[in-house]
$ cat structure.cif   # mmCIF, C-alpha atoms
data_work
#
loop_
_atom_site.label_atom_id
_atom_site.label_comp_id
_atom_site.auth_asym_id
_atom_site.auth_seq_id
_atom_site.Cartn_x
_atom_site.Cartn_y
_atom_site.Cartn_z
CA MET A 1 -12.07 7.71 11.51
CA PRO A 2 -8.86 6.72 9.69
CA VAL A 3 -5.68 8.33 11.02
CA VAL A 4 -2.57 9.31 9.04
CA TRP A 5 0.73 10.37 10.56
CA PHE A 6 2.73 12.40 8.05
CA ILE A 7 6.41 12.40 9.04
CA ARG A 8 9.11 14.56 7.51
CA HIS A 9 12.47 12.86 6.97
CA GLY A 10 15.43 13.47 9.27
CA GLU A 11 18.13 16.02 8.55
CA SER A 12 19.63 15.41 5.12
CA GLU A 13 22.86 16.47 3.49
CA SER A 14 20.92 19.15 1.65
CA ASN A 15 19.34 20.42 4.89
CA ALA A 16 22.82 20.67 6.39
CA ASN A 17 24.00 22.71 3.37
CA LEU A 18 26.41 19.99 2.26
CA LYS A 19 27.15 19.29 -1.39
CA THR A 20 24.70 16.95 -3.09
CA THR A 21 24.54 14.91 -6.27
CA HIS A 22 20.82 14.61 -7.05
CA PRO A 23 17.61 15.67 -5.27
CA ALA A 24 16.52 12.04 -4.89
CA GLU A 25 19.86 10.90 -3.47
CA SER A 26 20.49 13.34 -0.60
CA ALA A 27 21.24 11.03 2.34
CA LEU A 28 20.67 11.52 6.05
CA THR A 29 23.38 13.11 8.16
CA ALA A 30 24.43 11.63 11.50
CA GLN A 31 21.92 13.97 13.13
CA GLY A 32 19.27 12.78 10.69
CA TYR A 33 19.80 9.17 11.77
CA GLU A 34 19.51 10.22 15.41
CA GLU A 35 16.22 11.94 14.63
CA ALA A 36 14.93 8.89 12.77
CA ILE A 37 15.43 6.56 15.74
CA LYS A 38 13.35 8.88 17.91
CA VAL A 39 10.24 8.26 15.81
CA PRO A 40 9.39 4.57 16.54
CA PRO A 41 9.03 4.97 20.35
CA VAL A 42 6.10 7.38 19.88
CA ILE A 43 4.26 4.99 17.54
CA THR A 44 2.67 2.78 20.16
CA GLN A 45 0.04 1.23 17.89
CA GLN A 46 1.03 -1.03 14.99
CA PRO A 47 0.29 0.78 11.72
CA ASP A 48 -1.81 -0.95 9.09
CA LEU A 49 0.47 0.49 6.43
CA ILE A 50 3.80 2.32 6.22
CA VAL A 51 4.14 4.56 3.17
CA VAL A 52 7.55 5.78 2.04
CA SER A 53 8.68 8.37 -0.49
CA PRO A 54 11.05 7.01 -3.18
CA TYR A 55 13.70 9.58 -2.17
CA LEU A 56 16.68 8.20 -0.21
CA ARG A 57 16.42 10.44 2.88
CA ALA A 58 12.80 9.42 3.49
CA ARG A 59 13.57 5.72 2.95
CA GLN A 60 16.44 5.93 5.45
CA THR A 61 14.24 7.72 7.98
CA ALA A 62 11.62 4.98 7.72
CA VAL A 63 14.02 2.12 8.49
CA PRO A 64 13.81 2.21 12.33
CA THR A 65 10.01 2.27 12.18
CA ILE A 66 9.89 -0.55 9.63
CA GLU A 67 12.19 -2.60 11.86
CA LYS A 68 9.91 -2.01 14.85
CA PHE A 69 6.86 -3.22 12.90
CA PRO A 70 8.16 -6.02 10.66
CA ASN A 71 4.68 -7.37 9.99
CA THR A 72 3.33 -4.09 8.64
CA ALA A 73 3.09 -3.71 4.87
CA VAL A 74 5.42 -1.11 3.34
CA GLU A 75 4.58 0.67 0.10
CA THR A 76 6.33 3.36 -1.95
CA TRP A 77 3.99 6.13 -3.09
CA PRO A 78 4.72 9.30 -5.12
CA VAL A 79 5.03 11.52 -2.04
CA GLU A 80 8.53 12.71 -2.89
CA GLU A 81 9.68 16.27 -2.36
CA PHE A 82 8.56 19.14 -4.58
CA THR A 83 11.69 19.32 -6.73
CA TYR A 84 11.04 22.51 -8.64
CA LEU A 85 14.64 23.04 -9.79
CA HIS A 86 16.17 20.99 -12.59
CA PRO A 87 17.88 17.94 -10.97
CA GLY A 88 21.13 19.00 -12.59
CA GLU A 89 21.20 22.05 -10.30
CA TYR A 90 21.90 19.69 -7.38
CA GLU A 91 25.07 18.13 -8.78
CA ASP A 92 28.00 19.09 -6.55
CA THR A 93 26.20 22.11 -5.08
CA THR A 94 25.00 23.22 -1.65
CA GLY A 95 21.62 24.72 -0.84
CA ALA A 96 23.24 28.13 -0.51
CA GLU A 97 24.71 27.80 -3.99
CA ARG A 98 21.30 26.81 -5.38
CA TRP A 99 19.52 29.69 -3.66
CA PRO A 100 19.81 32.24 -6.54
CA ALA A 101 18.10 29.78 -8.92
CA ALA A 102 15.49 28.93 -6.27
CA LYS A 103 14.82 32.61 -5.55
CA ALA A 104 14.36 33.34 -9.25
CA TYR A 105 11.95 30.40 -9.57
CA TRP A 106 9.71 31.62 -6.75
CA GLU A 107 9.82 35.24 -7.86
CA GLY A 108 8.75 34.16 -11.35
CA ASN A 109 5.57 32.72 -9.79
CA ASP A 110 4.70 30.66 -12.88
CA PRO A 111 2.64 27.56 -11.92
CA GLN A 112 3.29 25.98 -15.33
CA LEU A 113 7.06 26.40 -15.31
CA LYS A 114 9.23 23.27 -15.48
CA HIS A 115 12.64 24.66 -14.57
CA GLY A 116 15.16 23.67 -17.22
CA GLY A 117 12.52 21.43 -18.73
CA ALA A 118 12.89 18.82 -15.97
CA GLY A 119 11.87 20.48 -12.72
CA GLU A 120 8.42 19.71 -11.33
CA SER A 121 5.90 22.47 -11.94
CA PHE A 122 3.55 23.77 -9.26
CA VAL A 123 0.69 22.38 -11.34
CA GLU A 124 2.23 18.91 -11.18
CA LEU A 125 2.77 19.25 -7.43
CA MET A 126 -0.89 20.01 -6.83
CA VAL A 127 -1.93 17.06 -9.00
CA ARG A 128 0.15 14.81 -6.74
CA VAL A 129 -1.30 16.37 -3.60
CA GLN A 130 -4.88 15.89 -4.75
CA ALA A 131 -4.16 12.33 -5.88
CA LEU A 132 -2.69 11.50 -2.48
CA GLN A 133 -5.64 12.89 -0.57
CA THR A 134 -8.08 10.98 -2.77
CA ARG A 135 -6.08 7.78 -2.30
CA LEU A 136 -5.95 8.19 1.46
CA ALA A 137 -9.67 8.98 1.72
CA GLN A 138 -10.46 5.78 -0.16
CA HIS A 139 -7.89 3.55 1.56
CA PRO A 140 -9.23 0.82 3.88
CA ALA A 141 -6.43 1.15 6.47
CA ASP A 142 -7.29 2.67 9.85
CA PHE A 143 -3.76 3.85 10.70
CA ILE A 144 -1.15 4.87 8.12
CA VAL A 145 2.35 6.18 8.85
CA MET A 146 3.88 8.09 5.93
CA PHE A 147 7.48 9.28 5.51
CA SER A 148 7.67 12.24 3.16
CA HIS A 149 9.12 15.74 2.81
CA GLY A 150 8.72 19.29 4.05
CA LEU A 151 7.56 21.13 0.93
CA PHE A 152 5.25 18.32 -0.13
CA LEU A 153 3.63 17.90 3.27
CA ARG A 154 3.10 21.63 3.64
CA ALA A 155 1.41 21.58 0.23
CA VAL A 156 -0.96 18.95 1.65
CA LEU A 157 -1.58 21.06 4.74
CA HIS A 158 -1.96 24.31 2.81
CA SER A 159 -4.43 22.86 0.30
CA ASN A 160 -6.62 21.74 3.19
CA ILE A 161 -6.43 25.10 4.93
CA VAL A 162 -7.47 27.05 1.82
CA GLY A 163 -9.82 24.29 0.64
CA SER A 164 -8.48 24.22 -2.89
CA TYR A 165 -6.14 22.30 -5.20
CA GLU A 166 -6.03 25.13 -7.72
CA ALA A 167 -2.62 25.71 -9.25
CA THR A 168 -3.02 29.37 -10.11
CA ALA A 169 -0.39 32.07 -9.73
CA LEU A 170 -2.28 33.37 -6.69
CA GLN A 171 -2.32 29.97 -5.01
CA MET A 172 1.37 29.49 -5.79
CA GLU A 173 2.17 32.84 -4.18
CA ARG A 174 0.10 31.96 -1.12
CA TYR A 175 1.79 28.58 -0.83
CA ARG A 176 5.22 30.23 -1.06
CA HIS A 177 4.41 32.59 1.82
CA PHE A 178 2.92 29.70 3.81
CA VAL A 179 6.11 27.65 3.40
CA TRP A 180 8.29 30.56 4.49
CA ALA A 181 6.08 31.25 7.51
CA VAL A 182 5.33 27.68 8.65
CA HIS A 183 8.48 25.67 9.26
CA MET A 184 8.23 21.88 9.56
CA PRO A 185 11.17 20.47 11.56
CA ASN A 186 12.94 17.33 10.46
CA CYS A 187 11.12 14.24 11.79
CA ALA A 188 8.17 16.33 12.95
CA ILE A 189 4.88 14.41 12.86
CA LEU A 190 1.77 15.97 11.32
CA LYS A 191 -1.22 13.97 12.54
CA ALA A 192 -4.44 13.91 10.56
CA THR A 193 -7.85 12.24 10.72
CA ILE A 194 -9.99 11.61 7.67
CA ALA A 195 -13.74 12.13 7.98
CA ALA A 196 -16.34 10.10 6.10
CA ASN A 197 -16.69 12.94 3.57
CA GLY A 198 -12.94 12.81 2.87
CA ARG A 199 -12.15 15.99 4.78
CA PHE A 200 -8.79 16.05 6.58
CA THR A 201 -8.45 17.44 10.09
CA PHE A 202 -4.94 18.21 11.33
CA SER A 203 -3.71 18.47 14.90
CA GLY A 204 -0.50 20.40 14.24
CA TYR A 205 3.16 19.37 14.36
CA ASP A 206 4.25 16.94 17.08
CA THR A 207 7.93 17.41 17.98
CA ILE A 208 8.05 16.38 21.64
CA HIS A 209 9.92 13.19 20.72
CA LEU A 210 12.77 15.27 19.31
CA THR A 211 13.53 17.03 22.60
CA ASP A 212 16.26 15.69 24.85
#
$ encode --input "structure.cif" --output "structure tokens"
Amino acid sequence: MPVVWFIRHGESESNANLKTTHPAESALTAQGYEEAIKVPPVITQQPDLIVVSPYLRARQTAVPTIEKFPNTAVETWPVEEFTYLHPGEYEDTTGAERWPAAKAYWEGNDPQLKHGGAGESFVELMVRVQALQTRLAQHPADFIVMFSHGLFLRAVLHSNIVGSYEATALQMERYRHFVWAVHMPNCAILKATIAANGRFTFSGYDTIHLTD
């Protein structure tokens, strides 16, 4: 059965509560780079494909792995983070400063809401999640390594656990509680196998490579 390793990016400026400029341009911190170089040693089989989010922190995290496997194809897919706040909220702000807007967004629990007209709605997130799972189930590669983001990858995991891509207010509330309860560390690896019927089976987060 095909295997996919979903990898969250290393610690970013936003994760470290540093000021940012744009959600797509939050770079890795020094710790994030250290985490990124711990990923390639645990990938002992050459991937058939390396998939990377278009966001900077995921691209930077992927570099050590890409350098280890120079003959593996690299593709950018729309597996970027769920950016539910308007991108303008990120300009010269920290995560703590953005928290009141984030808290209000989640408490509103509106799957259709596009914050400030430019944030991604929960409906749009679930469309991306379903599209990714369909694409992976149909892909000919046997082993794919994907560098993505915490909220997005937990949306993938959650949709498989509940068996639904519905973007209702109830599902949004459940996803919110799931995210708050199930932390995904930076550079954690979520390993999955894809059955012939397209069903994903997950083995949990692998973080042993991050321990000293």
$ atom_distance --input "structure.cif" --atom1 "CA of Met172 in chain A" --atom2 "CA of Ala101 in chain A"
17.0 Å
$ resolve_selection --input "structure.cif" --expression "the PyMOL selection byres ((chain A and resi 50) around 7)" --output "list in words"
Pro47, Leu49, Val51, Val52, Thr72, Ala73, Val74, Glu75, Ile144, Val145 and Met146 of chain A
$ closest_residue --input "structure.cif" --among "A:Ala36, A:Ala96, A:Ile7, A:Ala16" --to "Lys191 in chain A" --atoms "all atoms listed in the file"
A:Ile7
$ resolve_selection --input "structure.cif" --expression "the PyMOL selection byres ((chain A and resi 95) around 12)" --output "PyMOL selection string"
chain A and resi 12-23+26+85+89-94+96-103
$ axis_aligned_box --input "structure.cif" --around "range 177-182 of chain A" --padding-each-side "4 Å" --output "lines of an AutoDock Vina configuration file"
center_x = 5.6
center_y = 30.1
center_z = 5.2
size_x = 13.4
size_y = 12.9
size_z = 14.8
$ closest_residue --input "structure.cif" --among "A:Thr211, A:Asn109, A:Asn186, A:Thr201" --to "Glu173 in chain A" --atoms "all atoms listed in the file"
A:Asn109
$ atom_distance --input "structure.cif" --atom1 "CA of Glu80 in chain A" --atom2 "CA of Ser53 in chain A"
5.0 Å
$ closest_residue --input "structure.cif" --among "A:Ile37, A:Leu170, A:Val4, A:Ile189" --to "Gln133 in chain A" --atoms "all atoms listed in the file"
A:Val4
$ residues_around --input "structure.cif" --residues "range 116-125 of chain A" --least-positions-apart "5" --cutoff "7 Å" --atoms "only C-alpha atoms" --output "ChimeraX atom specification"
/A:82-87,111,167
$ write_last_selection --input "structure.cif" --atoms "C-alpha atoms" --output "tab-separated table (two decimals), in the coordinates of the input"
chain	number	residue	atom	x	y	z
A	82	PHE	CA	8.56	19.14	-4.58
A	83	THR	CA	11.69	19.32	-6.73
A	84	TYR	CA	11.04	22.51	-8.64
A	85	LEU	CA	14.64	23.04	-9.79
A	86	HIS	CA	16.17	20.99	-12.59
A	87	PRO	CA	17.88	17.94	-10.97
A	111	PRO	CA	2.64	27.56	-11.92
A	167	ALA	CA	-2.62	25.71	-9.25
$ atom_distance --input "structure.cif" --atom1 "CA of Arg8 in chain A" --atom2 "CA of His177 in chain A"
19.5 Å
$ residues_near_point --input "structure.cif" --point "(-3.0, 26.4, 6.7)" --cutoff "10 Å" --atoms "all atoms listed in the file" --output "list in words"
Arg154, Ala155, Val156, Leu157, His158, Ser159, Asn160, Ile161, Val162, Gly163, Tyr175, Phe178, Val179, Val182, Phe202 and Gly204 of chain A
$ closest_residue --input "structure.cif" --among "A:Pro78, A:Pro185, A:Pro70, A:Pro140" --to "His209 in chain A" --atoms "all atoms listed in the file"
A:Pro185
